[in-house]
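Here's the structure we're looking at; comments come further down.
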Amino acid sequence: MIRFFYGTIFIFCTVILISSCKKKAFDDYFARPDSLAQPIYQQLQARGNFTNILACIDKAGMKTTLGTAGYWTFFAPNDAAFKAYFQANNIAGVSNLDSVSAAAIVTYCLVPNSYRKDQLQMFQTSKGPTPNDSYRRKTFYYDFAYKDPSHSGMVVGNNRNGAYVVGDNNNKYIPYFIDGYVTVQGISSTDYSSFYPGSIYTGFNVAGAKVVTADIVAENGIIHEIDQVITPIPNIEQYVTNNPQYSEFRKLLDRVAVYTYDANLTRRYNILTHKPDSVFIKSYPTSLAFAPNNESYLNLSQTDAQEQGWTAAIPNNAALLAWEKQILVNLHDFNSAPASVVTDLINSFMWSTTVWPRDILTAKNFEVQSASFSSGDIVDRKVLSNGNFYGTATAHQANTFRSVYGKVYLDPKYGLMNRIFYESDLKVGTTNPAFNYTVFMMSDVEVRKLGYNYDTDHSQWAYTDPATPTVTTLSLTQDRLTRIADISVVNTPNGEFNDLSGTGVGETWDGEYVKFSGNKVYGSGNIVDGTSVTIDSSKLAFNGKVYYTKGLLHFAENSETLGQSIERLGQSTDPTVAARFNYFYQYMINSGSIYDTFLHNILGAPVGTFFTAFIPTNAAITTAVKAGLLPGNTTTGAPAFTAAGQTPSQQLDVANFILYHILNKNTVAVDGKKSGIYATLLTDPLGNAKTVTVVYTNPSDPTTMQVRDSHYVSGVGATINLAGSNNLANRALIHSINQVLNFN
């Protein structure tokens with residue numbers, strides 16, 4: 001029994017000994033290595049010059065967070081930084097900071113994930129990092145609910161453009177500048193100092209602070225020692241709100257901001273603060289380039305805000321008010337303006353990407369326009385938490401407002417014309433500063449006088465024939481109005497319509513032509529119905545001139561054929577006009593093989609197609625008859641117009657003669673602008689179009705236009721008769737020439 005007892009004791013002691021040895025081996029194997037760096041909190045303690053930031057960490061209740069596990073990057077201001085901060089802000093020390101302020105300092109300098117200096121400038125993507133492509137990181141800091149001066153409740157900012165995503169706190173980003181990124185982006189040390197006056201770029205800066213010591217390794221992350229205390233940087237909306245010189249722009253934002261009550265956020269706020277206030281999400285419409293309170297950029301990849309932010313170039317109050325005065329000259333105030341005017345005005349000051357100083361004058365803004373201000377107009381530069389900010393002493397002038405289109409857009413008397421422009425491509429075209437236009441304004445009164453209006457009940461255009469006012473149609477009306485608007489926009493690169501007292505012709509937006517004479521203007525429809533447009537007044541715009549008119553330019557109806565227009569000229573009782581067009585007209589109407597007398601049209605010249613007709617004068621045709629080119633008396637030159645006086649071969653000659661004098665699918669005015677080789681309606685036996693060549697011996701003188709046939713001999717091309725040319729027809733022009741073109 002005693003042997004058993006001692007035996008048991010021996011076994012028990014042996015087990016204890018073996019177990020102790022195993023535990024020691026286990027502890028030795030899994031013990032924290034002596035070489036492992038201490039956590040961030042302990043590292044700061046050990047270095048001895050971070051007593052103030054440690055006190056802030058304690059006051060913010062974040063000692064455990066930074067003293068144990070985790071994975072952080074901490075931009076830690078040293079004690080010298082705090083000394084300067086306290087002096088600048090008249091603060092006795094950390095003891096005078098409340099816990100909220102202490103937490104703001106700590107959390108704004110605290111970045112989730114651990115990044116060495118070289119890693120910070122890498123843009124993190126799903127395909128791997130992109131070097132030298134990142135200048136900021138998301139911090140641990142966010143505003144949550146705050147007091148907005150334009151609303152009675154507490155407000156939470158948008159965390160997306162036009163939306164709020166639950167679970168995203170709209171954390172702020174902290175910017176930094178490292179050599180690789182700075183070099184690639186072309187940011188100079190002067191640029192940096194302009195953003196941070198008094199700071200010098202050193203190769204690694206965080207906002208306005210210099211990194212004293214980089215890449216201090218800790219068990220739970222990386223520390224970068226900095227020489228300034230960085231408090232949370234405002235976003236674009238906050239910066240505008242906090243700076244009175246931009247209060248007028250803030251008023252524009254207030255016009256489009258939307259506040260939506262949120263029960264969950266309200267409950268969260270009530271629990272956290274023990275206050276009864278309601279919480280509203282403050283959002284901006286998706287029609288804006290971006291929401292200026294959105295800290296998350298597009299968040300398409302959840303990391304895109306590392307490489308991109310917004311950009312705003314906001315005019316100060318004096319500059320904005322001066323520009324608004326011009327915009328509102330006919331609108332009086334924004335309350336009477338279309339809502340889009342405010343949106344367009346705000347967007348004109350916004351860029352959807354980060355724009356650095358080297359590009360601010362050339363980068364295209366949200367409205368695809370470069371800045372109209374100069375570098376000397378930039379008086380304020382800031383890198384903010386959600387993008388770059390430039391304050392200007394001159395407002396950027398949007399093409400939408402300063403162009404000829406702006407005269408339409410910003411005048412309520414032209415609302416119908418504006419709708420037509422907006423629904424077609426006219427708005428985009430007439431805002432383009434690269435082209436010069438003349439626009440004949442279409443007032444609502446004049447548009448309605450022609451029977452057109454916009455039916456708001458059906459959201460479409462309507463037409464009521466003034467002759468039958470009880471019948472209204474909704475079909476094809478918009479196309480007709482668009483065509484009227486098209487011929488009211490004339491391409492005038494050299495200001496050809498700046499003085500309407502003489503005579504001239506111009507090509508309109510859709511290729512038709514209008515003409516002026518003695519301060520009256522005509523479209524082809526005006527020619528047909530014997531009307532004209534007269535001028536009341538005019539205004540200059542950045543890319544052209546607009547005329548305020550009585551009457552509207554309009555087009556010849558599609559029932560008006562090219563043949564009818566030639567008939568009208570040929571039948572003129574004016575002997576001068578008849579001498580230019582009568583013989584051609586008579587050949588044409590008697591040519592049964594190519595002319596439909598019922599439809600009054602030339603076969604092969606369908607209505608609605610673009611044409612140019614070169615009509616030889618009676619004298620020129622007489623000469624051609626004498627030469628045997630056309631049927632008639634070769635001695636006297638008297639033409640034989642009817643088939644009865646023509647052989648079958650001569651009938652074919654007449655048909656070919658007519659077809660060869662009409663350009664197919666092209667309009668060429670006598671204005672010195674178009675020249676070249678053009679196909680006619682005449683084809684050879686293989687179906688290939690026969691051509692003529694249009695040239696100017698002196699392009700600055702329209703009277704030097706020549707039309708040359710395939711038998712051209714130097715010096716004997718047909719020349720234009722300017723006084724008898726540029727006659728308007730339905731998508732066509734009719735000119736007088738002094739010679740029959742050889743069609744053989």
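Convention: chains lettered A, B, ... in structure tokens order; per-chain residue numbering from 1; ligands numbered from 1 as shown.
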
Once you count only C-alpha atoms, what closest atom pair and distance in Å to one decimal does each residue of segment 366-459 of chain A within 12 Å of segment 203-213 of chain A have, with rows by chain and rising residue number, as a tab-separated table?
residue	atom	partner	partner_atom	distance
A:Lys382	CA	A:Ala207	CA	9.9
A:Val383	CA	A:Ala207	CA	7.8
A:Leu384	CA	A:Ala207	CA	9.2
A:Ser385	CA	A:Ala207	CA	10.0

Please return, as a PyMOL selection string, all residues of segment 409-451 of chain A that DSSP assigns to helix (DSSP H, G or I) on the basis of the backbone. chain A and resi 409+412-423+426-430+444-449

So which one's closest to Thr617 of chain A, A:Val740, A:Ala643, A:Leu603, A:Val229? Using only C-alpha atoms, please.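 Result for the nearest residue to Thr617 of chain A: A:Val740.
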
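From atom CA of Ala337 of chain A back to atom CA of Asp479 of chain A, the distance works out to 26.8 Å.
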
Would you kindly return, as a PyMOL selection string, each protein, DNA or RNA residue with an atom no farther than 8 Å from any atom of Glu219 of chain A, considering only C-alpha atoms and excluding same-chain residues fewer than 4 positions away? chain A and resi 36-40+69

Go ahead and write the residues just picked, C-alpha atoms, as a short mmCIF file (atom, residue, chain, number, x, y, z; two decimals), in the first residue's frame.
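Below you can see part-v3.cif, which holds the result:
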data_model
loop_
_atom_site.label_atom_id
_atom_site.label_comp_id
_atom_site.auth_asym_id
_atom_site.auth_seq_id
_atom_site.Cartn_x
_atom_site.Cartn_y
_atom_site.Cartn_z
CA LEU A 36 8.81 43.02 -32.32
CA ALA A 37 8.06 46.74 -32.21
CA GLN A 38 5.68 48.03 -29.59
CA PRO A 39 2.14 49.14 -30.58
CA ILE A 40 1.63 52.73 -31.73
CA ALA A 69 -4.35 45.28 -31.92
#

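Each of A:Gly93, A:Ser372, A:Gln124, A:Phe74 was checked against Thr51 of chain A using only C-alpha atoms; the smallest atom-to-atom distance is that of A:Gly93.
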
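Among the candidates A:Lys674, A:Arg483, A:Arg731, A:Lys63, the one nearest to Val694 of chain A when counting only C-alpha atoms is A:Lys674.
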